[in-house]
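The file entry_3.cif comes next; it holds mmCIF, C-alpha atoms.
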```
data_final
#
loop_
_atom_site.label_atom_id
_atom_site.label_comp_id
_atom_site.auth_asym_id
_atom_site.auth_seq_id
_atom_site.Cartn_x
_atom_site.Cartn_y
_atom_site.Cartn_z
CA MET A 1 13.10 18.77 23.99
CA SER A 2 9.80 20.43 23.13
CA ASP A 3 6.68 18.39 23.66
CA LEU A 4 5.79 18.53 19.96
CA LYS A 5 9.29 17.51 18.88
CA LEU A 6 9.17 14.52 21.22
CA ARG A 7 5.80 13.49 19.79
CA VAL A 8 7.18 13.82 16.26
CA LYS A 9 10.11 11.57 17.14
CA GLU A 10 7.82 9.04 18.82
CA MET A 11 5.59 9.04 15.72
CA ILE A 12 8.61 8.43 13.45
CA ILE A 13 9.79 5.52 15.61
CA GLU A 14 6.33 3.98 15.81
CA ARG A 15 5.34 4.41 12.14
CA LEU A 16 8.67 3.26 10.73
CA LYS A 17 9.07 0.48 13.29
CA LEU A 18 12.52 1.78 14.31
CA GLU A 19 12.44 -0.47 17.34
CA GLY A 20 15.37 -0.06 19.66
CA LEU A 21 15.73 3.62 18.85
CA ALA A 22 14.91 6.13 21.60
CA PRO A 23 13.60 9.64 20.77
CA ASP A 24 16.75 11.27 22.17
CA GLN A 25 18.89 9.20 19.79
CA ILE A 26 17.37 11.02 16.81
CA GLU A 27 19.24 14.25 16.24
CA ASP A 28 17.10 17.32 15.68
CA GLN A 29 19.08 18.49 12.67
CA ALA A 30 19.90 15.13 11.08
CA PRO A 31 18.35 14.66 7.63
CA LEU A 32 15.53 12.08 7.64
CA PHE A 33 16.47 10.78 4.20
CA GLY A 34 19.86 9.96 2.73
CA ASP A 35 22.67 10.08 5.24
CA GLY A 36 20.67 10.82 8.38
CA LEU A 37 18.09 8.21 9.35
CA GLY A 38 18.48 6.72 5.86
CA LEU A 39 14.77 6.56 5.09
CA ASP A 40 13.39 5.70 1.63
CA SER A 41 10.31 6.64 -0.41
CA ILE A 42 8.11 4.02 1.29
CA ASP A 43 9.08 5.49 4.65
CA ALA A 44 8.16 8.92 3.26
CA LEU A 45 4.63 7.70 2.45
CA GLU A 46 4.31 6.12 5.91
CA LEU A 47 5.36 9.43 7.49
CA VAL A 48 2.95 11.44 5.32
CA LEU A 49 0.06 9.20 6.43
CA GLY A 50 1.25 9.19 10.06
CA ILE A 51 1.54 12.99 10.20
CA GLU A 52 -1.97 13.31 8.79
CA GLN A 53 -3.46 10.84 11.27
CA VAL A 54 -1.56 11.93 14.39
CA PHE A 55 -1.27 15.70 13.87
CA GLY A 56 -4.01 16.41 11.31
CA VAL A 57 -1.50 18.04 8.97
CA LYS A 58 -1.44 17.24 5.26
CA ILE A 59 1.74 17.18 3.21
CA GLU A 60 0.20 17.93 -0.14
CA ASP A 61 3.05 17.38 -2.58
CA GLU A 62 6.71 16.58 -3.01
CA ALA A 63 7.74 20.23 -2.67
CA ALA A 64 6.12 20.40 0.77
CA GLY A 65 7.68 17.03 1.61
CA MET A 66 11.15 18.24 0.65
CA LYS A 67 10.76 21.09 3.09
CA ALA A 68 9.18 19.12 5.92
CA PHE A 69 11.49 16.12 5.76
CA LYS A 70 14.76 18.05 5.92
CA SER A 71 15.13 17.17 9.59
CA VAL A 72 13.10 16.46 12.71
CA GLN A 73 13.38 20.15 13.55
CA ALA A 74 12.05 21.13 10.11
CA LEU A 75 9.21 18.60 10.42
CA THR A 76 8.29 19.87 13.90
CA ASP A 77 8.25 23.46 12.59
CA PHE A 78 6.15 22.39 9.58
CA ILE A 79 3.57 20.68 11.81
CA ALA A 80 3.46 23.61 14.26
CA GLU A 81 2.91 26.00 11.35
CA HIS A 82 0.15 23.98 9.67
CA ALA A 83 -1.67 22.39 12.62
CA LYS A 84 -5.19 23.63 13.21
CA ALA A 85 -5.40 25.78 16.31
CA MET B 1 -15.47 -1.26 -17.84
CA ASP B 2 -13.15 -2.92 -20.33
CA ILE B 3 -10.45 -4.70 -18.33
CA LEU B 4 -8.16 -5.19 -21.31
CA ALA B 5 -8.34 -1.52 -22.20
CA HIS B 6 -7.28 -0.55 -18.70
CA LEU B 7 -4.70 -3.12 -17.58
CA PRO B 8 -1.72 -3.94 -19.80
CA HIS B 9 -1.54 -7.51 -18.41
CA ARG B 10 -2.54 -10.44 -20.63
CA ALA B 11 -3.15 -14.15 -20.07
CA PRO B 12 -1.80 -15.99 -18.22
CA LEU B 13 -0.58 -13.06 -16.14
CA LEU B 14 -3.88 -11.19 -16.14
CA LEU B 15 -5.55 -12.20 -12.87
CA VAL B 16 -8.66 -10.02 -12.79
CA ASP B 17 -11.79 -11.18 -14.67
CA ARG B 18 -14.45 -8.65 -13.80
CA LEU B 19 -15.01 -5.36 -12.00
CA LEU B 20 -17.90 -5.24 -9.55
CA GLU B 21 -17.45 -1.77 -8.04
CA ARG B 22 -15.09 1.09 -8.84
CA GLU B 23 -14.52 4.51 -7.32
CA PRO B 24 -11.20 5.76 -8.80
CA GLY B 25 -8.81 6.94 -6.12
CA LEU B 26 -10.84 5.33 -3.37
CA ARG B 27 -12.01 1.77 -3.72
CA VAL B 28 -12.26 -1.13 -6.16
CA VAL B 29 -13.96 -4.50 -5.95
CA ALA B 30 -12.97 -6.99 -8.62
CA GLU B 31 -13.48 -10.68 -9.22
CA LYS B 32 -11.33 -13.59 -10.30
CA LEU B 33 -12.84 -16.97 -11.07
CA VAL B 34 -10.12 -19.51 -10.42
CA THR B 35 -10.42 -22.31 -12.98
CA ALA B 36 -8.85 -25.76 -12.75
CA GLY B 37 -6.81 -25.06 -15.91
CA GLU B 38 -4.81 -22.16 -14.48
CA PRO B 39 -1.10 -22.60 -15.29
CA PHE B 40 -0.13 -21.98 -11.67
CA PHE B 41 -1.88 -25.21 -10.63
CA GLN B 42 0.60 -27.31 -12.57
CA GLY B 43 3.00 -29.27 -10.42
CA HIS B 44 0.90 -29.34 -7.24
CA PRO B 45 0.26 -32.74 -5.63
CA ALA B 46 -2.74 -34.40 -7.31
CA GLY B 47 -6.05 -33.21 -5.86
CA ARG B 48 -4.37 -30.68 -3.58
CA ALA B 49 -3.79 -27.71 -5.87
CA GLN B 50 -4.18 -24.27 -4.31
CA VAL B 51 -3.51 -20.74 -5.51
CA PRO B 52 0.05 -19.78 -4.47
CA GLY B 53 -0.15 -17.06 -1.80
CA PRO B 54 1.96 -14.51 -3.69
CA LEU B 55 -0.48 -14.70 -6.60
CA LEU B 56 -3.29 -13.63 -4.26
CA LEU B 57 -1.17 -10.54 -3.54
CA GLU B 58 -0.66 -10.06 -7.30
CA MET B 59 -4.45 -10.28 -7.82
CA LEU B 60 -4.97 -7.57 -5.21
CA ALA B 61 -2.26 -5.42 -6.81
CA GLN B 62 -3.88 -5.80 -10.25
CA ALA B 63 -7.29 -4.91 -8.78
CA GLY B 64 -5.53 -1.87 -7.31
CA GLY B 65 -4.62 -0.80 -10.85
CA PHE B 66 -8.27 0.21 -11.30
CA LEU B 67 -7.91 2.86 -8.60
CA GLU B 68 -6.11 4.86 -11.29
CA ALA B 69 -8.59 6.87 -13.29
CA GLY B 70 -6.75 6.51 -16.59
CA THR B 71 -5.58 3.46 -18.52
CA LEU B 72 -2.32 1.85 -17.45
CA HIS B 73 -1.25 1.01 -20.99
CA GLY B 74 2.23 2.39 -21.55
CA ALA B 75 2.78 2.67 -17.80
CA SER B 76 4.82 0.37 -15.68
CA ILE B 77 3.44 -0.58 -12.28
CA PHE B 78 5.85 -1.67 -9.62
CA LEU B 79 4.84 -3.53 -6.47
CA ALA B 80 7.11 -1.69 -4.05
CA GLY B 81 6.13 -3.36 -0.82
CA VAL B 82 3.87 -5.81 1.00
CA ARG B 83 3.18 -5.43 4.70
CA ASP B 84 1.25 -7.44 7.24
CA ALA B 85 0.27 -10.08 4.68
CA ARG B 86 -1.85 -12.83 6.20
CA PHE B 87 -3.09 -15.93 4.43
CA HIS B 88 -6.09 -17.08 6.42
CA ALA B 89 -7.16 -19.95 4.18
CA PRO B 90 -6.19 -21.37 0.78
CA ALA B 91 -7.96 -20.59 -2.50
CA PHE B 92 -8.84 -23.63 -4.59
CA PRO B 93 -9.76 -24.35 -8.22
CA GLY B 94 -13.37 -23.29 -8.76
CA ASP B 95 -13.30 -20.50 -6.15
CA ARG B 96 -14.86 -17.19 -7.12
CA LEU B 97 -12.54 -14.67 -5.47
CA ARG B 98 -13.67 -11.22 -4.43
CA LEU B 99 -10.73 -8.79 -4.58
CA GLU B 100 -11.34 -5.66 -2.55
CA VAL B 101 -8.83 -2.81 -2.38
CA ALA B 102 -9.06 0.58 -0.70
CA ALA B 103 -6.57 3.42 -1.13
CA GLU B 104 -5.15 4.66 2.17
CA GLY B 105 -3.00 7.44 0.81
CA ALA B 106 -0.39 8.45 -1.73
CA PHE B 107 2.78 10.48 -1.85
CA ALA B 108 5.36 11.06 -4.58
CA GLY B 109 3.87 8.49 -6.95
CA LEU B 110 3.64 5.79 -4.31
CA MET B 111 0.23 4.55 -3.15
CA ARG B 112 -0.68 2.48 -0.09
CA LEU B 113 -3.60 0.06 -0.44
CA GLN B 114 -5.45 -2.15 1.96
CA GLY B 115 -6.45 -5.36 0.20
CA THR B 116 -8.65 -8.33 1.02
CA ALA B 117 -9.19 -11.43 -1.11
CA SER B 118 -12.23 -13.40 0.00
CA CYS B 119 -14.44 -16.24 -1.15
CA GLU B 120 -18.10 -16.57 -0.18
CA GLY B 121 -17.69 -14.07 2.65
CA ARG B 122 -14.60 -15.73 4.08
CA ASP B 123 -11.31 -13.78 4.08
CA LEU B 124 -8.49 -15.72 2.43
CA CYS B 125 -5.79 -13.06 2.31
CA THR B 126 -5.40 -9.59 3.81
CA ALA B 127 -2.43 -7.32 3.18
CA THR B 128 -1.18 -3.78 2.89
CA LEU B 129 0.34 -3.14 -0.56
CA LEU B 130 2.60 -0.35 -1.73
CA VAL B 131 2.36 0.31 -5.43
CA LYS B 132 4.40 2.71 -7.52
CA ARG B 133 3.75 3.92 -11.04
CA LEU B 134 7.07 4.20 -12.87
#
```

Go through the file and emit its structure as structure tokens.
Amino acid sequence: MSDLKLRVKEMIIERLKLEGLAPDQIEDQAPLFGDGLGLDSIDALELVLGIEQVFGVKIEDEAAGMKAFKSVQALTDFIAEHAKA
Amino acid sequence: MDILAHLPHRAPLLLVDRLLEREPGLRVVAEKLVTAGEPFFQGHPAGRAQVPGPLLLEMLAQAGGFLEAGTLHGASIFLAGVRDARFHAPAFPGDRLRLEVAAEGAFAGLMRLQGTASCEGRDLCTATLLVKRL
């Protein structure tokens, strides 16, 4: 697992208080919302704020959120693409 | 700032009396003077009335309504979540409550606020609120 992907999974577990879940139990391609981790709109806001604080990346609107929250892999790619060098 | 023009709530549900500071989108400080005649004091043991804790959260949520730049008439505001609520001390009849809310962020119509209700410099209630405009 890439270092960034691991940090993304750790951030998700910490911010959403998914205690008892280990990073390797979150599938890279599983959708974060709906059938995957089953997150809701409050979780989405918590993730948006967590991503901004931990990685310095802003998710500006719902369109960007739709793209970034498709899966852990998509979120990791989104952060890698937008993080300041 | 005209409270009635901004918030759709009316007595006895309206729980904000006055605005002290307001920076839309960022921070609001409001005030509620708790009088002995408040309907929510009915039914408490004689001489031991206190503001029910959930109403302190409602006061903070209503103060949070002033973070919105425009009037909330015609809108419906939904309290979507309360996290880490702590009630440090009770609020009594006669207390002048300072209701301070700060916006922490927003996404997809949902806003997270940090709220503190205090009286004479003493924190009575602190909580994180999630508010959604429907």

Fewer than 3 positions away in the same chain doesn't count, so skip those; otherwise give me all residues within 10 Å of Leu26 in chain B, counting only C-alpha atoms, as a list in words.
->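 Final neighbour list, sorted by chain and number: Arg22, Glu23, Gly64, Phe66, Leu67, Glu68, Val101, Ala102, Ala103, Glu104, Gly105 and Leu113 of chain B.
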
Go ahead and find all residues with at least one atom no further than 6 Å from (7.7, 0.1, 1.2) in the file's coordinates, using only C-alpha atoms; report them as a PyMOL selection string.
-> (chain A and resi 42) or (chain B and resi 80-81+130)

CA of Glu38 in chain B to CA of Pro12 in chain B, straight-line distance in Å |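 Between these atoms lies a distance of 7.8 Å.
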
Taken to one decimal, the CA of Met1 in chain B-CA of Pro90 in chain B distance is 28.9 Å

Selection near Leu49 in chain A, 10 Å with only C-alpha atoms, sequence-local residues under 3 positions removed, as a PyMOL selection string | (chain A and resi 15+43-46+52-59) or (chain B and resi 104-107+112)

CA of Glu58 in chain B to CA of Gly109 in chain B, straight-line distance in Å | 19.1 Å

Using the chain letters and residue numbers of this document, give as a list in words the residues selected by the PyMOL selection byres ((chain B and resi 78) around 12).
-> Glu58, Ala61, Gln62, Gly64, Gly65, Leu72, Ala75, Ser76, Ile77, Leu79, Ala80, Gly81, Val82, Gly109, Leu110, Met111, Leu129, Leu130, Val131, Lys132, Arg133 and Leu134 of chain B

Give me the result of the PyMOL selection byres ((chain B and resi 99) around 8) on this file, residue by residue, as a VMD selection string.
-> chain B and resid 28 to 32 59 to 60 63 97 to 98 100 to 101 115 to 118

Taking the file as shown, find all residues satisfying the PyMOL selection byres ((chain B and resi 8) around 9) and write them as a compact mmCIF listing (two decimals) with C-alpha atoms, keeping the file's coordinate frame.
```txt
# COMPACT_ATOMS: atom_id res chain seq x y z
CA ILE B 3 -10.45 -4.70 -18.33
CA LEU B 4 -8.16 -5.19 -21.31
CA ALA B 5 -8.34 -1.52 -22.20
CA HIS B 6 -7.28 -0.55 -18.70
CA LEU B 7 -4.70 -3.12 -17.58
CA HIS B 9 -1.54 -7.51 -18.41
CA ARG B 10 -2.54 -10.44 -20.63
CA LEU B 14 -3.88 -11.19 -16.14
CA THR B 71 -5.58 3.46 -18.52
CA LEU B 72 -2.32 1.85 -17.45
CA HIS B 73 -1.25 1.01 -20.99
CA GLY B 74 2.23 2.39 -21.55
CA ALA B 75 2.78 2.67 -17.80
CA SER B 76 4.82 0.37 -15.68
```

Kindly provide, as a CSV table (one decimal) with C-alpha atoms, keeping the file's coordinate frame, the polymer residues lying within 12 Å of (5.9, 22.1, 1.5), counting only C-alpha atoms and using the coordinates exactly as they appear in the file.
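This went into selection-v7.csv:
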```csv
chain,number,residue,atom,x,y,z
A,48,VAL,CA,3.0,11.4,5.3
A,57,VAL,CA,-1.5,18.0,9.0
A,58,LYS,CA,-1.4,17.2,5.3
A,59,ILE,CA,1.7,17.2,3.2
A,60,GLU,CA,0.2,17.9,-0.1
A,61,ASP,CA,3.0,17.4,-2.6
A,62,GLU,CA,6.7,16.6,-3.0
A,63,ALA,CA,7.7,20.2,-2.7
A,64,ALA,CA,6.1,20.4,0.8
A,65,GLY,CA,7.7,17.0,1.6
A,66,MET,CA,11.2,18.2,0.6
A,67,LYS,CA,10.8,21.1,3.1
A,68,ALA,CA,9.2,19.1,5.9
A,69,PHE,CA,11.5,16.1,5.8
A,70,LYS,CA,14.8,18.0,5.9
A,74,ALA,CA,12.0,21.1,10.1
A,75,LEU,CA,9.2,18.6,10.4
A,77,ASP,CA,8.2,23.5,12.6
A,78,PHE,CA,6.2,22.4,9.6
A,79,ILE,CA,3.6,20.7,11.8
A,81,GLU,CA,2.9,26.0,11.4
A,82,HIS,CA,0.2,24.0,9.7
```

Write out as a JSON list (two decimals) with C-alpha atoms, in the coordinates of the input which residues come within 10 Å of Ala49 in chain B when counting all atoms listed in the file, dropping same-chain ones fewer than 5 positions away.
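Result written to selection.json:
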```
[["chain", "number", "residue", "atom", "x", "y", "z"],
["B", 36, "ALA", "CA", -8.85, -25.76, -12.75],
["B", 40, "PHE", "CA", -0.13, -21.98, -11.67],
["B", 41, "PHE", "CA", -1.88, -25.21, -10.63],
["B", 42, "GLN", "CA", 0.60, -27.31, -12.57],
["B", 43, "GLY", "CA", 3.00, -29.27, -10.42],
["B", 44, "HIS", "CA", 0.90, -29.34, -7.24],
["B", 90, "PRO", "CA", -6.19, -21.37, 0.78],
["B", 91, "ALA", "CA", -7.96, -20.59, -2.50],
["B", 92, "PHE", "CA", -8.84, -23.63, -4.59],
["B", 93, "PRO", "CA", -9.76, -24.35, -8.22]]
```

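The nearest approach to chain A among the residues B:Cys125, B:Glu120, B:Gly25, B:Ala108, with only C-alpha atoms taken into account, belongs to B:Ala108.
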
Pick from A:Ile13, A:Leu37, A:Leu6, A:Ile51, whichever lies nearest to chain B using only C-alpha atoms | A:Ile51

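Shell of Glu14 in chain A at 12 Å, with only C-alpha atoms counted and residues fewer than 3 places along the chain excluded, is Arg7, Val8, Lys9, Glu10, Met11, Lys17, Leu18, Glu19, Gly20, Leu21, Ala22, Pro23, Asp43, Glu46, Leu47, Gly50, Ile51 and Val54 of chain A.
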